[in-house]
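Listing of model26.cif, mmCIF, C-alpha atoms
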data_start
#
loop_
_atom_site.label_atom_id
_atom_site.label_comp_id
_atom_site.auth_asym_id
_atom_site.auth_seq_id
_atom_site.Cartn_x
_atom_site.Cartn_y
_atom_site.Cartn_z
CA MET A 1 -175.57 -151.70 83.92
CA ASN A 2 -176.34 -148.95 86.44
CA LYS A 3 -177.52 -149.33 90.03
CA ASN A 4 -181.15 -149.61 88.88
CA GLY A 5 -180.30 -152.60 86.70
CA VAL A 6 -180.68 -150.67 83.47
CA LEU A 7 -178.28 -151.29 80.60
CA PRO A 8 -177.25 -148.22 78.54
CA TRP A 9 -178.98 -149.46 75.38
CA MET A 10 -182.33 -149.78 77.19
CA LYS A 11 -182.71 -145.98 76.99
CA LEU A 12 -181.98 -145.94 73.26
CA GLN A 13 -184.63 -148.28 71.90
CA TRP A 14 -186.18 -145.66 69.64
CA ARG A 15 -184.45 -143.40 67.16
CA GLY A 16 -187.36 -142.75 64.83
CA ILE A 17 -185.57 -144.31 61.87
CA ALA A 18 -187.51 -143.84 58.65
CA LYS A 19 -187.71 -147.18 56.85
CA VAL A 20 -186.78 -147.16 53.18
CA ARG A 21 -188.75 -149.53 50.99
CA LEU A 22 -186.49 -151.65 48.78
CA LYS A 23 -187.00 -153.93 45.81
CA TRP A 24 -185.49 -157.42 45.79
CA VAL A 25 -182.55 -157.76 43.41
CA LYS A 26 -181.37 -161.05 41.94
CA ASN A 27 -177.73 -162.08 42.35
CA ARG A 28 -176.59 -164.56 39.70
CA SER A 29 -173.36 -165.46 41.46
CA LEU A 30 -174.97 -166.40 44.78
CA ASP A 31 -177.82 -168.18 42.98
CA HIS A 32 -175.23 -170.27 41.13
CA ILE A 33 -173.55 -171.22 44.41
CA ILE A 34 -176.89 -172.19 45.98
CA ASP A 35 -177.73 -174.30 42.94
CA LYS A 36 -174.39 -176.10 43.15
CA ASP A 37 -174.53 -176.62 46.92
CA THR A 38 -178.04 -178.09 46.69
CA ASP A 39 -176.69 -180.99 44.62
CA LEU A 40 -173.66 -181.28 46.88
CA LYS A 41 -175.82 -181.50 50.00
CA ALA A 42 -178.19 -184.03 48.43
CA ALA A 43 -175.30 -186.29 47.37
CA SER A 44 -173.72 -186.01 50.83
CA LEU A 45 -176.97 -186.93 52.59
CA LEU A 46 -177.49 -189.90 50.25
CA LYS A 47 -173.92 -191.00 50.97
CA ASP A 48 -174.66 -190.87 54.71
CA ALA A 49 -177.93 -192.78 54.26
CA ILE A 50 -176.14 -195.58 52.41
CA LYS A 51 -173.52 -195.71 55.17
CA ARG A 52 -176.27 -196.04 57.80
CA SER A 53 -178.09 -198.78 55.90
CA SER A 54 -177.73 -202.25 57.42
CA THR A 55 -177.44 -203.73 53.92
CA GLY A 56 -174.83 -201.23 52.70
CA PHE A 57 -177.04 -200.12 49.81
CA LEU A 58 -180.28 -198.30 49.03
CA THR A 59 -182.97 -199.41 46.59
CA ALA A 60 -184.61 -197.10 44.08
CA LYS A 61 -187.93 -197.78 45.82
CA SER A 62 -186.63 -196.71 49.25
CA VAL A 63 -185.47 -193.30 47.98
CA ALA A 64 -188.40 -192.61 45.64
CA ASP A 65 -190.10 -190.24 48.10
CA TRP A 66 -186.95 -188.35 49.15
CA GLN A 67 -186.94 -185.72 46.39
CA LYS A 68 -188.50 -182.93 48.45
CA LEU A 69 -186.59 -183.93 51.57
CA LEU A 70 -183.30 -183.59 49.67
CA GLY A 71 -184.33 -180.33 48.02
CA LEU A 72 -183.97 -181.77 44.52
CA THR A 73 -185.79 -180.65 41.39
CA VAL A 74 -185.39 -184.06 39.71
CA PRO A 75 -186.33 -187.61 40.88
CA VAL A 76 -183.79 -189.16 43.25
CA LEU A 77 -183.17 -192.14 40.96
CA ARG A 78 -182.22 -189.85 38.08
CA PHE A 79 -180.04 -187.78 40.42
CA MET A 80 -178.07 -190.79 41.67
CA ARG A 81 -177.52 -192.05 38.13
CA ARG A 82 -175.92 -188.69 37.29
CA TYR A 83 -173.02 -189.40 39.64
CA PRO A 84 -171.59 -192.88 38.98
CA THR A 85 -168.30 -191.75 40.51
CA LEU A 86 -170.07 -191.80 43.91
CA PHE A 87 -172.97 -194.24 43.53
CA HIS A 88 -172.54 -197.67 41.94
CA GLU A 89 -175.76 -199.07 40.48
CA PHE A 90 -176.48 -202.80 40.46
CA PRO A 91 -179.59 -205.06 40.34
CA HIS A 92 -181.17 -206.22 43.59
CA PRO A 93 -180.02 -209.75 44.56
CA ARG A 94 -183.63 -211.03 44.74
CA TRP A 95 -185.48 -208.69 42.35
CA PRO A 96 -183.20 -208.01 39.36
CA SER A 97 -185.50 -205.32 37.97
CA LEU A 98 -185.09 -203.20 41.14
CA PRO A 99 -182.08 -200.82 40.87
CA CYS A 100 -179.84 -200.56 43.93
CA PHE A 101 -176.98 -198.22 44.81
CA ARG A 102 -173.88 -198.65 46.97
CA LEU A 103 -170.92 -196.34 47.49
CA THR A 104 -167.93 -196.53 45.18
CA ASP A 105 -164.41 -196.84 46.58
CA THR A 106 -163.96 -193.14 45.88
CA ALA A 107 -167.06 -192.25 47.92
CA LEU A 108 -165.89 -194.47 50.77
CA LEU A 109 -162.48 -192.78 50.75
CA LEU A 110 -164.12 -189.34 50.78
CA ASP A 111 -166.33 -190.43 53.68
CA SER A 112 -163.29 -191.63 55.62
CA GLN A 113 -161.57 -188.27 55.09
CA GLU A 114 -164.72 -186.45 56.22
CA HIS A 115 -164.81 -188.54 59.39
CA THR A 116 -161.20 -187.57 60.11
CA ILE A 117 -162.07 -183.87 59.78
CA HIS A 118 -165.01 -184.25 62.15
CA THR A 119 -162.72 -185.94 64.67
CA ASN A 120 -159.95 -183.35 64.37
CA TYR A 121 -162.32 -180.39 64.70
CA GLU A 122 -164.74 -181.86 67.22
CA ASN A 123 -164.11 -179.11 69.79
CA ALA A 124 -165.13 -176.45 67.27
CA THR A 125 -168.30 -178.43 66.49
CA VAL A 126 -169.18 -178.60 70.19
CA GLU A 127 -168.63 -174.84 70.43
CA ARG A 128 -171.00 -174.17 67.51
CA LEU A 129 -173.70 -176.31 69.11
CA CYS A 130 -173.22 -174.58 72.47
CA LYS A 131 -173.46 -171.15 70.85
CA LEU A 132 -176.68 -172.10 69.07
CA LEU A 133 -178.25 -173.29 72.32
CA MET A 134 -177.01 -170.20 74.16
CA MET A 135 -179.08 -168.03 71.83
CA MET A 136 -182.30 -169.85 72.79
CA LYS A 137 -184.56 -168.41 75.51
CA THR A 138 -184.64 -171.69 77.45
CA ARG A 139 -181.23 -172.93 76.22
CA THR A 140 -183.23 -175.75 74.60
CA VAL A 141 -183.97 -176.67 70.99
CA PRO A 142 -186.26 -179.44 69.66
CA LEU A 143 -184.29 -182.18 67.93
CA GLN A 144 -186.74 -182.03 65.03
CA SER A 145 -185.60 -178.42 64.45
CA LEU A 146 -181.93 -179.29 64.86
CA TYR A 147 -181.76 -182.26 62.48
CA PRO A 148 -182.43 -180.23 59.28
CA LEU A 149 -179.59 -177.86 60.25
CA ARG A 150 -176.96 -180.53 60.87
CA TRP A 151 -175.37 -180.33 57.39
CA ASP A 152 -175.41 -176.53 57.36
CA LEU A 153 -173.82 -176.36 60.82
CA GLY A 154 -171.22 -179.01 59.99
CA PHE A 155 -172.40 -181.63 62.47
CA PRO A 156 -171.47 -185.27 61.78
CA ASP A 157 -174.18 -187.63 60.63
CA SER A 158 -176.07 -189.13 63.62
CA PHE A 159 -174.49 -186.46 65.84
CA ASP A 160 -177.17 -187.14 68.45
CA LYS A 161 -175.77 -190.65 68.89
CA THR A 162 -172.06 -190.13 68.23
CA LEU A 163 -171.25 -186.61 69.44
CA ILE A 164 -173.67 -185.42 72.14
CA PRO A 165 -173.31 -188.44 74.50
CA LYS A 166 -169.56 -187.71 74.68
CA TYR A 167 -170.23 -184.36 76.37
CA PRO A 168 -172.64 -184.97 79.29
CA ASN A 169 -171.37 -181.83 81.05
CA HIS A 170 -172.50 -179.69 78.12
CA PHE A 171 -175.68 -181.30 76.77
CA GLN A 172 -178.73 -183.12 78.04
CA PHE A 173 -181.60 -184.82 76.21
CA VAL A 174 -184.93 -183.65 77.62
CA LYS A 175 -188.60 -183.58 76.73
CA ALA A 176 -190.16 -180.18 76.15
CA PRO A 177 -193.44 -179.31 77.93
CA ASN A 178 -195.27 -180.38 74.76
CA GLY A 179 -193.51 -183.77 74.86
CA VAL A 180 -191.16 -183.09 71.94
CA PRO A 181 -187.65 -184.62 72.37
CA SER A 182 -185.18 -181.74 72.74
CA LEU A 183 -181.57 -180.92 73.49
CA ARG A 184 -180.68 -178.62 76.39
CA LEU A 185 -177.48 -176.81 77.29
CA LYS A 186 -176.51 -177.85 80.81
CA GLN A 187 -174.14 -175.01 81.61
CA TRP A 188 -173.49 -171.54 80.26
CA CYS A 189 -170.12 -171.14 78.54
CA GLU A 190 -169.13 -167.51 78.96
CA GLU A 191 -166.09 -167.86 76.71
CA PHE A 192 -168.43 -168.77 73.82
CA ALA A 193 -170.71 -165.75 74.34
CA VAL A 194 -168.86 -163.63 71.76
CA SER A 195 -170.51 -163.10 68.39
CA ALA A 196 -168.81 -163.35 65.00
CA LEU A 197 -169.27 -159.60 64.54
CA GLN A 198 -167.52 -158.90 67.84
CA LYS A 199 -164.69 -161.28 66.97
CA SER A 200 -164.11 -159.70 63.57
CA ASN A 201 -163.97 -156.22 65.10
CA GLU A 202 -161.72 -157.43 67.90
CA ARG A 203 -159.27 -158.91 65.40
CA GLU A 204 -159.02 -155.57 63.66
CA SER A 205 -158.17 -153.94 67.03
CA ASP A 206 -159.31 -150.57 65.81
CA ASP A 207 -160.39 -147.54 67.83
CA GLY A 208 -164.03 -148.23 67.00
CA TYR A 209 -164.01 -151.56 68.80
CA ARG A 210 -162.28 -150.08 71.84
CA GLU A 211 -164.99 -147.42 71.96
CA PHE A 212 -167.62 -150.16 71.70
CA LYS A 213 -166.06 -152.03 74.63
CA ARG A 214 -166.35 -148.83 76.68
CA GLY A 215 -170.01 -148.54 75.73
CA LYS A 216 -169.44 -145.38 73.70
CA ALA A 217 -170.03 -146.71 70.20
CA ALA A 218 -172.01 -149.31 68.24
CA LEU A 219 -170.55 -152.11 66.18
CA VAL A 220 -171.05 -151.73 62.44
CA PHE A 221 -172.42 -154.54 60.28
CA PRO A 222 -170.46 -155.05 57.04
CA MET A 223 -172.69 -154.24 54.08
CA ARG A 224 -172.45 -155.07 50.38
CA PHE A 225 -175.36 -153.46 48.60
CA PRO A 226 -176.74 -154.56 45.24
CA ARG A 227 -175.68 -152.32 42.41
CA GLY A 228 -177.26 -148.88 42.65
CA TYR A 229 -178.48 -149.12 46.24
CA GLY A 230 -175.40 -147.69 47.96
CA ALA A 231 -175.52 -144.51 45.90
CA GLN A 232 -179.03 -143.62 47.02
CA LYS A 233 -179.05 -140.88 49.65
CA LYS A 234 -182.15 -142.18 51.39
CA VAL A 235 -180.68 -145.68 51.69
CA ARG A 236 -177.36 -144.33 52.97
CA ALA A 237 -179.10 -142.16 55.55
CA TRP A 238 -181.24 -145.06 56.72
CA MET A 239 -178.25 -147.38 57.11
CA GLU A 240 -176.19 -144.75 58.91
CA GLU A 241 -178.97 -144.33 61.47
CA PHE A 242 -179.34 -148.10 61.77
CA GLN A 243 -175.61 -148.56 62.35
CA LYS A 244 -175.64 -145.95 65.13
CA LEU A 245 -178.08 -148.00 67.19
CA PRO A 246 -176.44 -149.97 70.04
CA TYR A 247 -175.34 -153.47 69.09
CA ILE A 248 -177.12 -156.14 71.15
CA SER A 249 -175.24 -159.41 71.42
CA PRO A 250 -177.38 -162.43 70.42
CA TYR A 251 -176.25 -164.00 73.70
CA VAL A 252 -177.81 -161.25 75.84
CA ASP A 253 -181.32 -161.56 77.33
CA SER A 254 -183.64 -159.55 75.08
CA SER A 255 -186.86 -159.90 77.09
CA ARG A 256 -186.75 -156.26 78.23
CA ILE A 257 -186.47 -154.81 74.72
CA ASP A 258 -189.64 -153.35 73.23
CA PRO A 259 -190.59 -155.84 70.48
CA ASN A 260 -191.71 -152.99 68.20
CA SER A 261 -188.64 -150.82 68.65
CA ASP A 262 -185.79 -150.06 66.27
CA LEU A 263 -183.44 -151.63 68.79
CA MET A 264 -185.28 -154.95 68.62
CA GLU A 265 -185.01 -154.87 64.83
CA LYS A 266 -181.25 -154.43 65.08
CA ARG A 267 -181.11 -157.20 67.66
CA VAL A 268 -182.98 -159.50 65.20
CA VAL A 269 -180.46 -158.61 62.48
CA GLY A 270 -177.68 -159.53 64.92
CA VAL A 271 -179.23 -162.90 65.79
CA LEU A 272 -179.73 -163.87 62.14
CA HIS A 273 -176.21 -162.64 61.31
CA GLU A 274 -174.77 -164.83 64.08
CA ILE A 275 -176.66 -167.98 63.08
CA LEU A 276 -175.57 -167.65 59.45
CA SER A 277 -172.00 -167.01 60.65
CA LEU A 278 -172.10 -170.36 62.48
CA THR A 279 -173.00 -172.28 59.31
CA MET A 280 -170.33 -173.82 57.12
CA HIS A 281 -171.47 -172.14 53.90
CA LYS A 282 -172.86 -168.94 55.52
CA LYS A 283 -176.38 -169.78 54.39
CA THR A 284 -179.38 -171.91 55.25
CA LYS A 285 -183.03 -172.38 54.32
CA ARG A 286 -185.50 -169.82 55.59
CA ASN A 287 -187.85 -172.54 56.88
CA TYR A 288 -185.10 -173.97 59.10
CA LEU A 289 -184.91 -170.63 60.89
CA ARG A 290 -188.70 -170.37 61.18
CA SER A 291 -188.73 -173.49 63.34
CA LEU A 292 -186.47 -171.69 65.85
CA ARG A 293 -188.40 -168.41 65.87
CA GLU A 294 -189.99 -168.61 69.33
CA GLU A 295 -186.86 -169.83 71.11
CA LEU A 296 -184.79 -167.09 69.47
CA ASN A 297 -187.38 -164.47 70.49
CA LEU A 298 -187.89 -163.34 66.90
CA PRO A 299 -191.02 -161.51 65.70
CA HIS A 300 -193.65 -163.44 63.77
CA LYS A 301 -192.66 -161.86 60.43
CA PHE A 302 -188.92 -161.82 61.08
CA THR A 303 -188.10 -163.07 57.56
CA ARG A 304 -188.91 -159.63 56.13
CA ILE A 305 -185.56 -158.59 57.67
CA PHE A 306 -183.78 -160.43 54.86
CA THR A 307 -185.22 -158.18 52.17
CA ARG A 308 -185.15 -155.05 54.30
CA TYR A 309 -181.37 -155.31 54.74
CA PRO A 310 -180.08 -156.42 51.32
CA GLY A 311 -176.59 -155.17 52.16
CA ILE A 312 -176.30 -157.87 54.85
CA PHE A 313 -178.48 -160.72 53.57
CA TYR A 314 -179.44 -162.20 50.22
CA LEU A 315 -182.66 -164.14 49.75
CA SER A 316 -182.77 -166.64 46.87
CA LEU A 317 -185.56 -168.65 45.27
CA LYS A 318 -183.29 -171.18 43.57
CA CYS A 319 -184.17 -174.89 43.64
CA LYS A 320 -187.84 -174.31 44.52
CA THR A 321 -187.03 -173.15 48.05
CA THR A 322 -186.00 -169.97 49.83
CA THR A 323 -182.38 -169.74 50.97
CA VAL A 324 -180.89 -166.89 52.97
CA THR A 325 -177.20 -166.08 52.58
CA LEU A 326 -174.83 -163.82 54.53
CA ARG A 327 -173.31 -161.58 51.87
CA GLU A 328 -170.04 -160.94 53.71
CA GLY A 329 -169.46 -164.71 53.82
CA TYR A 330 -168.57 -164.77 50.11
CA GLN A 331 -165.87 -163.14 48.04
CA SER A 332 -165.41 -163.83 44.31
CA GLY A 333 -167.76 -166.79 44.45
CA LYS A 334 -166.01 -168.55 47.35
CA VAL A 335 -166.57 -168.83 51.09
CA VAL A 336 -164.39 -166.40 53.02
CA ASP A 337 -162.03 -168.18 55.44
CA PRO A 338 -163.52 -171.66 54.76
CA HIS A 339 -163.62 -174.37 57.41
CA PRO A 340 -161.66 -177.55 56.49
CA LEU A 341 -165.01 -179.31 56.07
CA VAL A 342 -165.96 -176.78 53.35
CA LEU A 343 -162.69 -177.48 51.53
CA HIS A 344 -163.41 -181.20 51.74
CA ARG A 345 -166.92 -180.67 50.39
CA ASN A 346 -165.37 -178.78 47.47
CA LYS A 347 -163.33 -181.89 46.72
CA PHE A 348 -166.46 -184.01 47.04
CA TYR A 349 -168.27 -181.80 44.54
CA HIS A 350 -165.34 -181.90 42.14
CA VAL A 351 -165.54 -185.69 42.12
CA MET A 352 -169.26 -185.37 41.38
CA LYS A 353 -168.49 -183.07 38.44
CA THR A 354 -165.84 -185.44 37.11
CA GLY A 355 -168.37 -188.25 37.16
CA LEU A 356 -170.70 -186.13 35.06
CA LEU A 357 -167.92 -185.41 32.57
CA TYR A 358 -166.99 -189.07 32.28
CA ARG A 359 -170.61 -189.96 31.68
CA GLY A 360 -170.89 -187.21 29.08
CA ASP A 361 -168.18 -188.70 26.86
CA GLY A 362 -169.60 -192.20 27.18
CA SER A 363 -167.06 -193.61 29.65
CA ILE A 364 -167.45 -194.25 33.36
CA SER A 365 -164.48 -194.75 35.64
CA LYS A 366 -164.05 -198.23 36.98
CA PRO A 367 -163.89 -198.78 40.76
CA GLU A 368 -160.17 -199.59 40.63
CA GLU A 369 -159.59 -196.26 38.89
CA ASP A 370 -161.49 -194.28 41.52
CA ALA A 371 -158.49 -193.78 43.82
CA LEU A 372 -156.42 -192.45 40.93
CA LEU A 373 -159.26 -190.19 39.89
CA LEU A 374 -159.55 -188.79 43.41
CA ASP A 375 -155.82 -188.08 43.57
CA SER A 376 -156.00 -186.22 40.29
CA VAL A 377 -158.66 -183.79 41.51
CA ALA A 378 -157.86 -183.57 45.22
CA ASN A 379 -155.86 -180.38 44.92
CA ASP A 380 -157.91 -178.72 42.18
CA GLU A 381 -159.86 -175.60 43.02
CA ILE A 382 -163.51 -175.30 42.12
CA ARG A 383 -163.89 -172.40 39.76
CA ASP A 384 -166.99 -170.29 39.77
CA GLU A 385 -167.71 -168.86 36.34
CA ASP A 386 -169.85 -166.16 37.94
CA SER A 387 -167.30 -165.24 40.59
CA GLU A 388 -167.97 -161.54 40.38
CA GLU A 389 -171.10 -160.13 42.01
CA GLU A 390 -173.58 -159.26 39.27
CA GLU A 391 -176.96 -157.83 40.20
CA VAL A 392 -178.95 -158.02 36.99
CA GLU A 393 -182.62 -158.76 37.61
CA THR A 394 -185.25 -157.29 39.87
CA SER A 395 -188.51 -158.72 41.10
CA ASP A 396 -191.38 -157.73 43.36
CA GLU A 397 -191.89 -161.32 44.49
CA PHE A 398 -190.55 -160.68 47.98
CA CYS A 399 -192.17 -157.28 48.37
CA GLU A 400 -194.48 -157.17 51.38
CA ASP A 401 -196.12 -154.12 52.90
CA GLU A 402 -192.81 -152.76 54.06
CA VAL A 403 -190.78 -153.67 50.97
CA SER A 404 -191.15 -151.55 47.87
CA GLU A 405 -189.26 -150.24 44.92
CA THR A 406 -186.03 -148.34 44.72
CA ASP A 407 -185.76 -145.43 42.36
CA GLU A 408 -185.59 -146.79 38.80
CA SER A 409 -183.00 -144.17 37.94
CA SER A 410 -180.55 -145.66 40.41
CA GLU A 411 -180.48 -149.15 38.92
#

Show the structure stored in the file as structure tokens.
Amino acid sequence: MNKNGVLPWMKLQWRGIAKVRLKWVKNRSLDHIIDKDTDLKAASLLKDAIKRSSTGFLTAKSVADWQKLLGLTVPVLRFMRRYPTLFHEFPHPRWPSLPCFRLTDTALLLDSQEHTIHTNYENATVERLCKLLMMMKTRTVPLQSLYPLRWDLGFPDSFDKTLIPKYPNHFQFVKAPNGVPSLRLKQWCEEFAVSALQKSNERESDDGYREFKRGKAALVFPMRFPRGYGAQKKVRAWMEEFQKLPYISPYVDSSRIDPNSDLMEKRVVGVLHEILSLTMHKKTKRNYLRSLREELNLPHKFTRIFTRYPGIFYLSLKCKTTTVTLREGYQSGKVVDPHPLVLHRNKFYHVMKTGLLYRGDGSISKPEEDALLLDSVANDEIRDEDSEEEEVETSDEFCEDEVSETDESSE
């Protein structure tokens, strides 16, 4: 910043970048992962709901309306019956015709292990929550916007009751001007104000990052284009110009950036990149981000960024919803540098799959066999049949005014 209070990038808000119109391209590998993780998340949330229940079980009637909430494409009752390794079905004590579900010994053991991970990595969880709040204009986020993100961000169940009260120097429950219960960051944590992109470049310790630290260069976003895009001259030229724009940290005040400038667009890319980097599986639902739009100082139609930069983001329509994924977060069908909670969720999903297999051959493991079953799969790796990136289908479904077709000859 100079003596007039002007940062170097404030003079470089416009470069006259010509936008290239791109067609959405389907990615089977990432779609498969999203499909799998939807079931995993639903089973995990049902497990937590049973744990919270005062009776220790849930009735089929109580979960009948949860299908949309859980993101499922089948009724919840049918879903729970698919996984007898996790959910034990029994008749209600008073109404025998009413199905009920409690957790199996295997599910209870998995829940205990998950609790241990949350305890051991609590400091990292607090850091993620601080970083999210630090990106907000008022350092405040409505709890109703935070709750849907808790699984994606790796927060423990009922984090508002078990985690936040333990850190009164960091967080404070408040009411927003509109009366909505919210969570506010009490003090700025400068050591957390470093983005994932900055950290990755710092670890590499290359000349480019040193130049960036001196204000002489811009950080480059990793890009993995769908097949055929990278070879197009117009796309390459566009991305080269985009990468040359100054990198604006998502933790820097953006109120003085022209909202219609190229620089603001790159700043929006940086904010979305950082939020996805904070998630456990490097993805989340588009609607979850929409609820944070104003606090993050994002434009009204910010979601078009996901299709405009297909080398950074992937937008999926799997499971009757729209999920946005950070491409660099996956390699050969697996999360790059997974958090221990992700590894545990892989184990959880493997137990789910085993339950399906047992049910398929007509036998269901007995409760006393659950511990042995868990031991047998604990160290197995989940294998993704579509581990290699394969861009095979195109669609105009996402195409808005600014999103169009690539040259057919390049695909």

Check your understanding: Neighbours of Pro338 in chain A within 9 Å (only C-alpha atoms; same-chain residues fewer than 4 positions away dropped), as a PyMOL selection string?
Key -> chain A and resi 280-281+334+342-343

Mind telling me what the PyMOL selection byres ((chain A and resi 118) around 12) catches here, as a PDB file with C-alpha atoms, keeping the file's coordinate frame?
ATOM      1  CA  ASP A 111    -166.330-190.430  53.680  1.00  0.00           C
ATOM      2  CA  SER A 112    -163.290-191.630  55.620  1.00  0.00           C
ATOM      3  CA  GLN A 113    -161.570-188.270  55.090  1.00  0.00           C
ATOM      4  CA  GLU A 114    -164.720-186.450  56.220  1.00  0.00           C
ATOM      5  CA  HIS A 115    -164.810-188.540  59.390  1.00  0.00           C
ATOM      6  CA  THR A 116    -161.200-187.570  60.110  1.00  0.00           C
ATOM      7  CA  ILE A 117    -162.070-183.870  59.780  1.00  0.00           C
ATOM      8  CA  THR A 119    -162.720-185.940  64.670  1.00  0.00           C
ATOM      9  CA  ASN A 120    -159.950-183.350  64.370  1.00  0.00           C
ATOM     10  CA  TYR A 121    -162.320-180.390  64.700  1.00  0.00           C
ATOM     11  CA  GLU A 122    -164.740-181.860  67.220  1.00  0.00           C
ATOM     12  CA  ASN A 123    -164.110-179.110  69.790  1.00  0.00           C
ATOM     13  CA  ALA A 124    -165.130-176.450  67.270  1.00  0.00           C
ATOM     14  CA  THR A 125    -168.300-178.430  66.490  1.00  0.00           C
ATOM     15  CA  VAL A 126    -169.180-178.600  70.190  1.00  0.00           C
ATOM     16  CA  LEU A 153    -173.820-176.360  60.820  1.00  0.00           C
ATOM     17  CA  GLY A 154    -171.220-179.010  59.990  1.00  0.00           C
ATOM     18  CA  PHE A 155    -172.400-181.630  62.470  1.00  0.00           C
ATOM     19  CA  PRO A 156    -171.470-185.270  61.780  1.00  0.00           C
ATOM     20  CA  ASP A 157    -174.180-187.630  60.630  1.00  0.00           C
ATOM     21  CA  PHE A 159    -174.490-186.460  65.840  1.00  0.00           C
ATOM     22  CA  THR A 162    -172.060-190.130  68.230  1.00  0.00           C
ATOM     23  CA  LEU A 163    -171.250-186.610  69.440  1.00  0.00           C
ATOM     24  CA  HIS A 339    -163.620-174.370  57.410  1.00  0.00           C
ATOM     25  CA  PRO A 340    -161.660-177.550  56.490  1.00  0.00           C
ATOM     26  CA  LEU A 341    -165.010-179.310  56.070  1.00  0.00           C
ATOM     27  CA  VAL A 342    -165.960-176.780  53.350  1.00  0.00           C
ATOM     28  CA  HIS A 344    -163.410-181.200  51.740  1.00  0.00           C
TER      29      HIS A 344
END

Practice item. Run the PyMOL selection byres ((chain A and resi 195) around 12) against the file shown and list the residues it catches, as a PyMOL selection string. Key: chain A and resi 128+131-132+134-135+190-194+196-202+219+221+247-252+270-278

Exercise for review: For CA of Phe225 in chain A and CA of Asp262 in chain A, quote the distance in Å rounded to one decimal.
Suggested key: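 Result for CA of Phe225 in chain A versus CA of Asp262 in chain A: 20.8 Å, one decimal.
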
Practice item. Please provide as an MDAnalysis selection string all residues within 9 Å of Ala107 in chain A, with the sequence filter that same-chain residues fewer than 2 positions apart are discarded (counting all atoms listed in the file). Key: chainID A and resid 47 85:87 103:105 109:112 348 351 370

**Study point:** Shell of 10 Å around Phe306 in chain A, all atoms listed in the file, local chain residues under 2 positions omitted, as a ChimeraX atom specification
**Key:** /A:24,269,272,286,302-304,308-315,324-326,398

Point to revise | Gap from CA of Leu129 in chain A to CA of Leu185 in chain A - Å, one decimal | key: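 Separation of CA of Leu129 in chain A and CA of Leu185 in chain A: 9.0 Å.
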
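Our summary of the geometry notes that CA of Arg227 in chain A is positioned 25.3 Å from CA of Leu245 in chain A.
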
Check your understanding: Written as a list in words, what is the full residue list that the PyMOL selection byres ((chain A and resi 73) around 12) yields on the file shown?
Key ->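 Checking the PyMOL selection byres ((chain A and resi 73) around 12) against this file, the residues are Asp35, Thr38, Asp39, Ala42, Trp66, Gln67, Lys68, Leu69, Leu70, Gly71, Leu72, Val74, Pro75, Val76, Leu77, Arg78, Phe79, Lys318, Cys319, Lys320 and Thr321 of chain A.
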
Exercise for review: Please provide as an MDAnalysis selection string all residues within 9 Å of Val180 in chain A, with the sequence filter that same-chain residues fewer than 2 positions apart are discarded (counting all atoms listed in the file).
Suggested key: chainID A and resid 142:144 174:178 182

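With distances taken over all atoms listed in the file, A:Pro299 is the one residue among A:Gly56, A:Pro181, A:Pro299, A:Pro93 lying closest to Asn260 in chain A.
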
Practice item. Could you check which of A:Leu133, A:Val141, A:Val235, A:Ala218 is closest to Gln187 in chain A, using all atoms listed in the file? Key: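 Of the candidates, the smallest distance to Gln187 in chain A is held by A:Leu133.
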
Per-axis box centre and lengths in Å around range 237-253 of chain A, 8 Å margin per side, axis-aligned, as lines of an AutoDock Vina configuration file:
center_x = -178.3
center_y = -153.1
center_z = 66.4
size_x = 22.1
size_y = 37.8
size_z = 37.8

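In terms of minimum interatomic distance to Cys100 in chain A, A:Phe57 ranks closest within A:Trp238, A:Phe173, A:Phe57, A:Tyr83, counting only C-alpha atoms.
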